[in-house]
file my_file_32.json (JSON, C-alpha atoms)
[["chain", "number", "residue", "atom", "x", "y", "z"],
["A", 1, "MET", "CA", 0.00, 0.00, 0.00],
["A", 2, "THR", "CA", 1.41, 3.37, -1.01],
["A", 3, "ASP", "CA", 0.91, 6.64, 0.82],
["A", 4, "VAL", "CA", 1.25, 10.00, -0.95],
["A", 5, "ARG", "CA", 1.97, 13.01, 1.22],
["A", 6, "THR", "CA", 2.63, 16.66, 0.43],
["A", 7, "ALA", "CA", 4.63, 18.83, 2.78],
["A", 8, "HIS", "CA", 6.71, 21.98, 2.69],
["A", 9, "THR", "CA", 10.45, 21.50, 3.11],
["A", 10, "SER", "CA", 10.12, 22.97, 6.61],
["A", 11, "GLY", "CA", 7.69, 20.18, 7.52],
["A", 12, "LEU", "CA", 10.05, 17.36, 6.59],
["A", 13, "THR", "CA", 12.27, 15.69, 9.16],
["A", 14, "ASP", "CA", 16.01, 15.35, 8.72],
["A", 15, "ALA", "CA", 15.46, 11.64, 8.03],
["A", 16, "GLU", "CA", 12.87, 12.40, 5.33],
["A", 17, "LEU", "CA", 15.16, 14.94, 3.67],
["A", 18, "ALA", "CA", 17.99, 12.39, 3.76],
["A", 19, "ALA", "CA", 15.68, 9.83, 2.14],
["A", 20, "VAL", "CA", 14.76, 12.33, -0.59],
["A", 21, "ARG", "CA", 18.40, 13.14, -1.27],
["A", 22, "ALA", "CA", 19.32, 9.44, -1.43],
["A", 23, "LEU", "CA", 16.42, 8.74, -3.81],
["A", 24, "VAL", "CA", 17.28, 11.57, -6.23],
["A", 25, "ASP", "CA", 20.99, 10.76, -6.12],
["A", 26, "ASP", "CA", 20.18, 7.15, -7.05],
["A", 27, "ALA", "CA", 17.51, 7.98, -9.64],
["A", 28, "PHE", "CA", 19.73, 10.52, -11.41],
["A", 29, "GLU", "CA", 22.65, 8.06, -11.29],
["A", 30, "GLY", "CA", 25.10, 10.46, -9.68],
["A", 31, "ASP", "CA", 24.17, 13.40, -11.91],
["A", 32, "PHE", "CA", 22.38, 15.34, -9.15],
["A", 33, "SER", "CA", 24.58, 18.13, -7.82],
["A", 34, "ASP", "CA", 24.44, 20.14, -4.61],
["A", 35, "GLU", "CA", 23.08, 23.02, -6.72],
["A", 36, "ASP", "CA", 20.33, 20.69, -7.99],
["A", 37, "TRP", "CA", 19.55, 19.89, -4.35],
["A", 38, "ASP", "CA", 19.34, 23.61, -3.55],
["A", 39, "HIS", "CA", 16.77, 23.95, -6.37],
["A", 40, "THR", "CA", 14.74, 21.09, -4.88],
["A", 41, "VAL", "CA", 14.19, 22.49, -1.39],
["A", 42, "GLY", "CA", 12.26, 25.52, -0.16],
["A", 43, "GLY", "CA", 8.89, 24.58, -1.62],
["A", 44, "MET", "CA", 6.31, 21.83, -1.53],
["A", 45, "HIS", "CA", 7.25, 18.18, -1.84],
["A", 46, "ALA", "CA", 5.18, 15.21, -2.98],
["A", 47, "LEU", "CA", 6.46, 12.03, -1.37],
["A", 48, "VAL", "CA", 5.30, 8.51, -2.18],
["A", 49, "TRP", "CA", 5.98, 6.00, 0.58],
["A", 50, "GLU", "CA", 5.54, 2.25, 0.50],
["A", 51, "GLY", "CA", 6.11, 0.16, 3.59],
["A", 52, "GLY", "CA", 8.06, 2.96, 5.22],
["A", 53, "GLU", "CA", 10.37, 3.42, 2.23],
["A", 54, "LEU", "CA", 10.41, 6.43, -0.06],
["A", 55, "ILE", "CA", 9.76, 5.28, -3.64],
["A", 56, "GLY", "CA", 8.83, 8.58, -5.33],
["A", 57, "HIS", "CA", 9.43, 12.30, -4.98],
["A", 58, "GLY", "CA", 8.94, 15.62, -6.69],
["A", 59, "SER", "CA", 8.99, 19.21, -5.51],
["A", 60, "LEU", "CA", 7.37, 22.45, -6.57],
["A", 61, "VAL", "CA", 9.22, 25.70, -5.95],
["A", 62, "GLN", "CA", 8.15, 29.24, -6.76],
["A", 63, "ARG", "CA", 10.01, 31.02, -9.55],
["A", 64, "ARG", "CA", 9.49, 34.05, -11.73],
["A", 65, "MET", "CA", 9.16, 33.72, -15.48],
["A", 66, "LEU", "CA", 9.28, 36.63, -17.90],
["A", 67, "HIS", "CA", 6.91, 36.47, -20.84],
["A", 68, "ARG", "CA", 5.98, 39.31, -23.20],
["A", 69, "GLY", "CA", 7.20, 41.94, -20.76],
["A", 70, "ARG", "CA", 5.37, 40.49, -17.78],
["A", 71, "ALA", "CA", 6.72, 38.72, -14.68],
["A", 72, "LEU", "CA", 4.68, 35.59, -13.96],
["A", 73, "ARG", "CA", 4.49, 33.60, -10.73],
["A", 74, "ALA", "CA", 5.39, 30.05, -11.69],
["A", 75, "GLY", "CA", 5.34, 26.79, -9.81],
["A", 76, "TYR", "CA", 8.46, 25.03, -11.08],
["A", 77, "VAL", "CA", 8.67, 21.23, -10.85],
["A", 78, "GLU", "CA", 11.98, 19.86, -9.60],
["A", 79, "ALA", "CA", 13.55, 16.51, -8.76],
["A", 80, "VAL", "CA", 10.86, 14.10, -9.93],
["A", 81, "ALA", "CA", 12.39, 10.73, -9.10],
["A", 82, "VAL", "CA", 11.15, 7.17, -8.73],
["A", 83, "ARG", "CA", 13.05, 4.27, -7.22],
["A", 84, "GLY", "CA", 14.41, 2.08, -10.01],
["A", 85, "ASP", "CA", 12.38, -1.03, -9.20],
["A", 86, "ARG", "CA", 9.10, 0.94, -9.08],
["A", 87, "ARG", "CA", 9.30, 2.78, -12.41],
["A", 88, "ARG", "CA", 6.44, 2.50, -14.90],
["A", 89, "GLN", "CA", 4.01, 1.57, -12.12],
["A", 90, "GLY", "CA", 2.21, 4.89, -11.67],
["A", 91, "VAL", "CA", 4.46, 6.35, -8.97],
["A", 92, "ALA", "CA", 5.52, 9.37, -11.06],
["A", 93, "SER", "CA", 1.86, 9.97, -11.93],
["A", 94, "ALA", "CA", 1.00, 9.96, -8.21],
["A", 95, "VAL", "CA", 3.78, 12.50, -7.61],
["A", 96, "MET", "CA", 2.52, 14.71, -10.43],
["A", 97, "ASP", "CA", -1.12, 14.41, -9.26],
["A", 98, "ALA", "CA", -0.07, 15.85, -5.91],
["A", 99, "LEU", "CA", 2.14, 18.58, -7.38],
["A", 100, "GLU", "CA", -0.50, 19.63, -9.91],
["A", 101, "GLU", "CA", -3.03, 19.98, -7.08],
["A", 102, "VAL", "CA", -0.62, 22.37, -5.33],
["A", 103, "LEU", "CA", -0.17, 24.23, -8.64],
["A", 104, "ARG", "CA", -3.92, 24.68, -9.10],
["A", 105, "ARG", "CA", -4.49, 25.83, -5.52],
["A", 106, "GLY", "CA", -1.25, 27.74, -4.90],
["A", 107, "GLY", "CA", -1.93, 31.01, -6.67],
["A", 108, "TYR", "CA", 0.43, 30.27, -9.54],
["A", 109, "GLU", "CA", -0.09, 31.68, -13.02],
["A", 110, "LEU", "CA", 1.60, 28.74, -14.71],
["A", 111, "GLY", "CA", 3.49, 25.56, -14.03],
["A", 112, "ALA", "CA", 6.85, 24.98, -15.70],
["A", 113, "LEU", "CA", 9.51, 22.30, -15.81],
["A", 114, "GLY", "CA", 12.53, 21.12, -17.73],
["A", 115, "ALA", "CA", 11.84, 17.62, -19.07],
["A", 116, "ALA", "CA", 14.37, 14.88, -19.65],
["A", 117, "ASP", "CA", 13.67, 13.02, -22.90],
["A", 118, "GLU", "CA", 12.45, 9.89, -21.10],
["A", 119, "ALA", "CA", 9.95, 11.93, -19.06],
["A", 120, "VAL", "CA", 8.30, 13.73, -22.01],
["A", 121, "PRO", "CA", 5.54, 11.10, -22.47],
["A", 122, "LEU", "CA", 4.57, 11.46, -18.79],
["A", 123, "TYR", "CA", 4.28, 15.24, -18.91],
["A", 124, "ALA", "CA", 2.74, 15.49, -22.38],
["A", 125, "GLY", "CA", 0.21, 12.82, -21.46],
["A", 126, "ARG", "CA", -0.86, 14.94, -18.48],
["A", 127, "GLY", "CA", -1.49, 18.01, -20.63],
["A", 128, "TRP", "CA", 1.81, 19.82, -20.13],
["A", 129, "GLN", "CA", 2.64, 21.75, -23.30],
["A", 130, "GLN", "CA", 6.04, 22.01, -24.92],
["A", 131, "TRP", "CA", 7.37, 25.57, -25.07],
["A", 132, "ARG", "CA", 8.08, 26.13, -28.77],
["A", 133, "GLY", "CA", 9.60, 29.59, -28.52],
["A", 134, "PRO", "CA", 13.11, 30.56, -27.49],
["A", 135, "SER", "CA", 14.19, 30.11, -23.89],
["A", 136, "ALA", "CA", 16.29, 32.53, -21.89],
["A", 137, "VAL", "CA", 17.39, 33.45, -18.39],
["A", 138, "LEU", "CA", 17.38, 36.82, -16.67],
["A", 139, "SER", "CA", 21.04, 36.67, -15.66],
["A", 140, "PRO", "CA", 23.03, 39.23, -13.68],
["A", 141, "ALA", "CA", 24.18, 40.57, -17.09],
["A", 142, "GLY", "CA", 20.64, 40.81, -18.48],
["A", 143, "VAL", "CA", 18.51, 38.47, -20.58],
["A", 144, "GLU", "CA", 20.63, 35.68, -22.10],
["A", 145, "ARG", "CA", 19.43, 32.97, -24.47],
["A", 146, "THR", "CA", 19.54, 29.37, -23.30],
["A", 147, "GLU", "CA", 19.42, 27.63, -26.68],
["A", 148, "GLU", "CA", 20.44, 24.28, -25.19],
["A", 149, "GLU", "CA", 17.12, 24.22, -23.31],
["A", 150, "ASP", "CA", 14.92, 24.94, -26.32],
["A", 151, "GLY", "CA", 12.44, 22.10, -26.78],
["A", 152, "CYS", "CA", 12.95, 20.76, -23.23],
["A", 153, "ILE", "CA", 10.69, 23.20, -21.38],
["A", 154, "TYR", "CA", 7.07, 22.29, -20.67],
["A", 155, "VAL", "CA", 4.38, 24.51, -19.20],
["A", 156, "MET", "CA", 0.94, 24.14, -17.74],
["A", 157, "PRO", "CA", -0.98, 27.39, -18.29],
["A", 158, "LEU", "CA", -3.23, 28.25, -15.37],
["A", 159, "THR", "CA", -4.31, 31.91, -15.31],
["A", 160, "ALA", "CA", -1.61, 33.36, -17.57],
["A", 161, "LYS", "CA", -2.27, 33.95, -21.26],
["A", 162, "LEU", "CA", 0.74, 32.38, -22.96],
["A", 163, "ASP", "CA", 2.11, 32.50, -26.48],
["A", 164, "LEU", "CA", 4.03, 29.23, -26.70],
["A", 165, "ASP", "CA", 6.03, 30.61, -29.64],
["A", 166, "ALA", "CA", 7.29, 33.74, -27.85],
["A", 167, "GLU", "CA", 10.35, 33.96, -25.60],
["A", 168, "LEU", "CA", 10.15, 32.61, -22.04],
["A", 169, "ALA", "CA", 12.83, 33.63, -19.56],
["A", 170, "CYS", "CA", 13.35, 32.20, -16.10],
["A", 171, "ASP", "CA", 14.86, 33.90, -13.08],
["A", 172, "TRP", "CA", 18.57, 33.45, -12.34],
["A", 173, "ARG", "CA", 19.95, 30.78, -10.04],
["A", 174, "PRO", "CA", 23.33, 29.05, -9.71],
["A", 175, "GLY", "CA", 23.80, 25.81, -11.63],
["A", 176, "ASP", "CA", 21.22, 24.71, -14.18],
["A", 177, "VAL", "CA", 18.94, 27.69, -14.66],
["A", 178, "TRP", "CA", 16.12, 25.58, -16.15]]
call {"tool": "encode", "arguments": {"input": "my_file_32.json", "output": "structure tokens"}}
result
Amino acid sequence: MTDVRTAHTSGLTDAELAAVRALVDDAFEGDFSDEDWDHTVGGMHALVWEGGELIGHGSLVQRRMLHRGRALRAGYVEAVAVRGDRRRQGVASAVMDALEEVLRRGGYELGALGAADEAVPLYAGRGWQQWRGPSAVLSPAGVERTEEEDGCIYVMPLTAKLDLDAELACDWRPGDVW
């Protein structure tokens, strides 16, 4: 029997945070940096537990996106991970169900995420839309293009009117900006 729980980072115990970090480190096969971890915390988490073991996780953090001269409040999905032996069994969908509920009720204007190729069917199947326009970041030096991210960004429009072919810029952060 699985249990899905949502909690803010501040509501997680040290043991739960350690379990999340271990899960994402394993799921991303060592390609999950300390900067990635910093991007994961400070928002809401969806945790899927089975028999006292964490088998799925995702978090939603607030970010600002710039679109057509307007700053938008975005819920940004981070660190969606499922334990290797539980993949393709609905765990990621349970994580996204919980995060999308927070998105709808959290006062966000849109949801956004950077999708790995293998995750595209999950997100697209849930109604997330690929951003077709150019991507950018509002860096300390001004708006800079992030061409390497073009085609990897997905959004869920909520209250914002979006032109999926226009530029979308995210706020600056160390490490991977998207």
call {"tool": "residues_near_point", "arguments": {"input": "my_file_32.json", "point": "(2.2, 32.1, -21.3)", "cutoff": "12 Å", "atoms": "all atoms listed in the file", "output": "short mmCIF file (atom, residue, chain, number, x, y, z; two decimals) with C-alpha atoms, keeping the file's coordinate frame"}}
result
data_model
loop_
_atom_site.label_atom_id
_atom_site.label_comp_id
_atom_site.auth_asym_id
_atom_site.auth_seq_id
_atom_site.Cartn_x
_atom_site.Cartn_y
_atom_site.Cartn_z
CA MET A 65 9.16 33.72 -15.48
CA LEU A 66 9.28 36.63 -17.90
CA HIS A 67 6.91 36.47 -20.84
CA ARG A 68 5.98 39.31 -23.20
CA GLY A 69 7.20 41.94 -20.76
CA ARG A 70 5.37 40.49 -17.78
CA ALA A 71 6.72 38.72 -14.68
CA LEU A 72 4.68 35.59 -13.96
CA ARG A 73 4.49 33.60 -10.73
CA ALA A 74 5.39 30.05 -11.69
CA GLU A 109 -0.09 31.68 -13.02
CA LEU A 110 1.60 28.74 -14.71
CA GLY A 111 3.49 25.56 -14.03
CA ALA A 112 6.85 24.98 -15.70
CA GLN A 129 2.64 21.75 -23.30
CA GLN A 130 6.04 22.01 -24.92
CA TRP A 131 7.37 25.57 -25.07
CA ARG A 132 8.08 26.13 -28.77
CA GLY A 133 9.60 29.59 -28.52
CA TYR A 154 7.07 22.29 -20.67
CA VAL A 155 4.38 24.51 -19.20
CA MET A 156 0.94 24.14 -17.74
CA PRO A 157 -0.98 27.39 -18.29
CA LEU A 158 -3.23 28.25 -15.37
CA THR A 159 -4.31 31.91 -15.31
CA ALA A 160 -1.61 33.36 -17.57
CA LYS A 161 -2.27 33.95 -21.26
CA LEU A 162 0.74 32.38 -22.96
CA ASP A 163 2.11 32.50 -26.48
CA LEU A 164 4.03 29.23 -26.70
CA ASP A 165 6.03 30.61 -29.64
CA ALA A 166 7.29 33.74 -27.85
CA GLU A 167 10.35 33.96 -25.60
CA LEU A 168 10.15 32.61 -22.04
CA ALA A 169 12.83 33.63 -19.56
#
call {"tool": "closest_residue", "arguments": {"input": "my_file_32.json", "among": "A:Ala19, A:Val4, A:Leu113, A:Leu99", "to": "Gly58 in chain A", "atoms": "all atoms listed in the file"}}
result
A:Leu99
call {"tool": "closest_residue", "arguments": {"input": "my_file_32.json", "among": "A:Glu144, A:Glu35, A:Val102, A:Ile153", "to": "Val120 in chain A", "atoms": "all atoms listed in the file"}}
result
A:Ile153
call {"tool": "atom_distance", "arguments": {"input": "my_file_32.json", "atom1": "CA of Asp38 in chain A", "atom2": "CA of Ser139 in chain A"}}
result
17.9 Å
call {"tool": "atom_distance", "arguments": {"input": "my_file_32.json", "atom1": "CA of Val91 in chain A", "atom2": "CA of Gln62 in chain A"}}
result
23.3 Å
call {"tool": "atom_distance", "arguments": {"input": "my_file_32.json", "atom1": "CA of Leu54 in chain A", "atom2": "CA of Val82 in chain A"}}
result
8.7 Å
call {"tool": "closest_residue", "arguments": {"input": "my_file_32.json", "among": "A:Arg64, A:Asp117, A:Ala7, A:Asp97", "to": "Arg173 in chain A", "atoms": "all atoms listed in the file"}}
result
A:Arg64
call {"tool": "axis_aligned_box", "arguments": {"input": "my_file_32.json", "around": "range 7-22 of chain A", "padding_each_side": "4 Å", "output": "AutoDock Vina command-line options"}}
result
--center_x 12.0 --center_y 16.2 --center_z 3.9 --size_x 22.7 --size_y 21.5 --size_z 18.6
call {"tool": "closest_residue", "arguments": {"input": "my_file_32.json", "among": "A:Asp31, A:Glu101, A:Glu53, A:Gly107", "to": "Ala18 in chain A", "atoms": "only C-alpha atoms"}}
result
A:Glu53
call {"tool": "residues_around", "arguments": {"input": "my_file_32.json", "residues": "Arg5 in chain A", "least_positions_apart": "6", "cutoff": "7 Å", "atoms": "only C-alpha atoms", "output": "PyMOL selection string"}}
result
chain A and resi 46-48
call {"tool": "closest_residue", "arguments": {"input": "my_file_32.json", "among": "A:Glu147, A:Trp128, A:Asp171, A:Val20", "to": "Trp49 in chain A", "atoms": "all atoms listed in the file"}}
result
A:Val20
call {"tool": "closest_residue", "arguments": {"input": "my_file_32.json", "among": "A:Gly75, A:Gly125, A:Pro140, A:Gly90", "to": "Ile55 in chain A", "atoms": "only C-alpha atoms"}}
result
A:Gly90
call {"tool": "residues_near_point", "arguments": {"input": "my_file_32.json", "point": "(13.1, 3.6, -10.2)", "cutoff": "12 Å", "atoms": "all atoms listed in the file", "output": "JSON, numbers by chain"}}
result
{"A": [23, 24, 25, 26, 27, 28, 29, 54, 55, 56, 57, 80, 81, 82, 83, 84, 85, 86, 87, 88, 89, 90, 91, 92]}
call {"tool": "build_atoms", "arguments": {"input": "my_file_32.json", "residues": "range 147-171 of chain A", "atoms": "N, CA, C and O atoms", "output": "JSON list (two decimals), in the frame of the given file"}}
result
[["chain", "number", "residue", "atom", "x", "y", "z"],
["A", 147, "GLU", "N", 19.79, 28.46, -25.52],
["A", 147, "GLU", "CA", 19.42, 27.63, -26.68],
["A", 147, "GLU", "C", 19.42, 26.14, -26.37],
["A", 147, "GLU", "O", 18.61, 25.39, -26.91],
["A", 148, "GLU", "N", 20.34, 25.71, -25.50],
["A", 148, "GLU", "CA", 20.44, 24.28, -25.19],
["A", 148, "GLU", "C", 19.19, 23.74, -24.50],
["A", 148, "GLU", "O", 18.96, 22.54, -24.47],
["A", 149, "GLU", "N", 18.35, 24.63, -23.98],
["A", 149, "GLU", "CA", 17.12, 24.22, -23.31],
["A", 149, "GLU", "C", 15.90, 24.27, -24.22],
["A", 149, "GLU", "O", 14.83, 23.77, -23.85],
["A", 150, "ASP", "N", 16.05, 24.87, -25.40],
["A", 150, "ASP", "CA", 14.92, 24.94, -26.32],
["A", 150, "ASP", "C", 14.39, 23.54, -26.61],
["A", 150, "ASP", "O", 15.16, 22.61, -26.88],
["A", 151, "GLY", "N", 13.08, 23.39, -26.53],
["A", 151, "GLY", "CA", 12.44, 22.10, -26.78],
["A", 151, "GLY", "C", 12.32, 21.22, -25.56],
["A", 151, "GLY", "O", 11.62, 20.21, -25.59],
["A", 152, "CYS", "N", 12.98, 21.58, -24.45],
["A", 152, "CYS", "CA", 12.95, 20.76, -23.23],
["A", 152, "CYS", "C", 12.03, 21.34, -22.16],
["A", 152, "CYS", "O", 11.80, 20.70, -21.13],
["A", 153, "ILE", "N", 11.51, 22.53, -22.39],
["A", 153, "ILE", "CA", 10.69, 23.20, -21.38],
["A", 153, "ILE", "C", 9.22, 22.91, -21.66],
["A", 153, "ILE", "O", 8.76, 23.01, -22.80],
["A", 154, "TYR", "N", 8.51, 22.56, -20.58],
["A", 154, "TYR", "CA", 7.07, 22.29, -20.67],
["A", 154, "TYR", "C", 6.35, 23.20, -19.68],
["A", 154, "TYR", "O", 6.89, 23.50, -18.61],
["A", 155, "VAL", "N", 5.16, 23.63, -20.06],
["A", 155, "VAL", "CA", 4.38, 24.51, -19.20],
["A", 155, "VAL", "C", 2.96, 23.98, -19.06],
["A", 155, "VAL", "O", 2.45, 23.25, -19.92],
["A", 156, "MET", "N", 2.36, 24.37, -17.96],
["A", 156, "MET", "CA", 0.94, 24.14, -17.74],
["A", 156, "MET", "C", 0.32, 25.51, -17.49],
["A", 156, "MET", "O", 0.49, 26.07, -16.40],
["A", 157, "PRO", "N", -0.35, 26.08, -18.50],
["A", 157, "PRO", "CA", -0.98, 27.39, -18.29],
["A", 157, "PRO", "C", -2.10, 27.26, -17.26],
["A", 157, "PRO", "O", -2.88, 26.32, -17.30],
["A", 158, "LEU", "N", -2.15, 28.20, -16.36],
["A", 158, "LEU", "CA", -3.23, 28.25, -15.37],
["A", 158, "LEU", "C", -4.04, 29.52, -15.60],
["A", 158, "LEU", "O", -5.03, 29.49, -16.30],
["A", 159, "THR", "N", -3.59, 30.66, -15.08],
["A", 159, "THR", "CA", -4.31, 31.91, -15.31],
["A", 159, "THR", "C", -3.63, 32.80, -16.34],
["A", 159, "THR", "O", -4.25, 33.73, -16.83],
["A", 160, "ALA", "N", -2.37, 32.53, -16.63],
["A", 160, "ALA", "CA", -1.61, 33.36, -17.57],
["A", 160, "ALA", "C", -2.01, 33.06, -19.01],
["A", 160, "ALA", "O", -2.22, 31.90, -19.38],
["A", 161, "LYS", "N", -2.08, 34.10, -19.81],
["A", 161, "LYS", "CA", -2.27, 33.95, -21.26],
["A", 161, "LYS", "C", -0.87, 33.81, -21.85],
["A", 161, "LYS", "O", -0.05, 34.72, -21.73],
["A", 162, "LEU", "N", -0.60, 32.67, -22.46],
["A", 162, "LEU", "CA", 0.74, 32.38, -22.96],
["A", 162, "LEU", "C", 0.75, 32.24, -24.46],
["A", 162, "LEU", "O", -0.16, 31.67, -25.05],
["A", 163, "ASP", "N", 1.82, 32.73, -25.07],
["A", 163, "ASP", "CA", 2.11, 32.50, -26.48],
["A", 163, "ASP", "C", 3.28, 31.53, -26.49],
["A", 163, "ASP", "O", 4.42, 31.92, -26.22],
["A", 164, "LEU", "N", 3.01, 30.27, -26.78],
["A", 164, "LEU", "CA", 4.03, 29.23, -26.70],
["A", 164, "LEU", "C", 5.16, 29.41, -27.71],
["A", 164, "LEU", "O", 6.17, 28.70, -27.63],
["A", 165, "ASP", "N", 5.00, 30.35, -28.64],
["A", 165, "ASP", "CA", 6.03, 30.61, -29.64],
["A", 165, "ASP", "C", 6.88, 31.83, -29.30],
["A", 165, "ASP", "O", 7.85, 32.11, -29.99],
["A", 166, "ALA", "N", 6.53, 32.56, -28.27],
["A", 166, "ALA", "CA", 7.29, 33.74, -27.85],
["A", 166, "ALA", "C", 8.41, 33.30, -26.90],
["A", 166, "ALA", "O", 8.51, 32.14, -26.52],
["A", 167, "GLU", "N", 9.26, 34.26, -26.53],
["A", 167, "GLU", "CA", 10.35, 33.96, -25.60],
["A", 167, "GLU", "C", 9.82, 33.76, -24.18],
["A", 167, "GLU", "O", 8.90, 34.45, -23.75],
["A", 168, "LEU", "N", 10.42, 32.82, -23.46],
["A", 168, "LEU", "CA", 10.15, 32.61, -22.04],
["A", 168, "LEU", "C", 11.49, 32.64, -21.33],
["A", 168, "LEU", "O", 12.41, 31.91, -21.70],
["A", 169, "ALA", "N", 11.59, 33.52, -20.34],
["A", 169, "ALA", "CA", 12.83, 33.63, -19.56],
["A", 169, "ALA", "C", 12.54, 33.28, -18.11],
["A", 169, "ALA", "O", 11.51, 33.66, -17.56],
["A", 170, "CYS", "N", 13.47, 32.55, -17.51],
["A", 170, "CYS", "CA", 13.35, 32.20, -16.10],
["A", 170, "CYS", "C", 14.25, 33.11, -15.28],
["A", 170, "CYS", "O", 15.16, 33.76, -15.81],
["A", 171, "ASP", "N", 14.01, 33.13, -13.97],
["A", 171, "ASP", "CA", 14.86, 33.90, -13.08],
["A", 171, "ASP", "C", 16.21, 33.19, -12.92],
["A", 171, "ASP", "O", 16.36, 32.01, -13.21]]
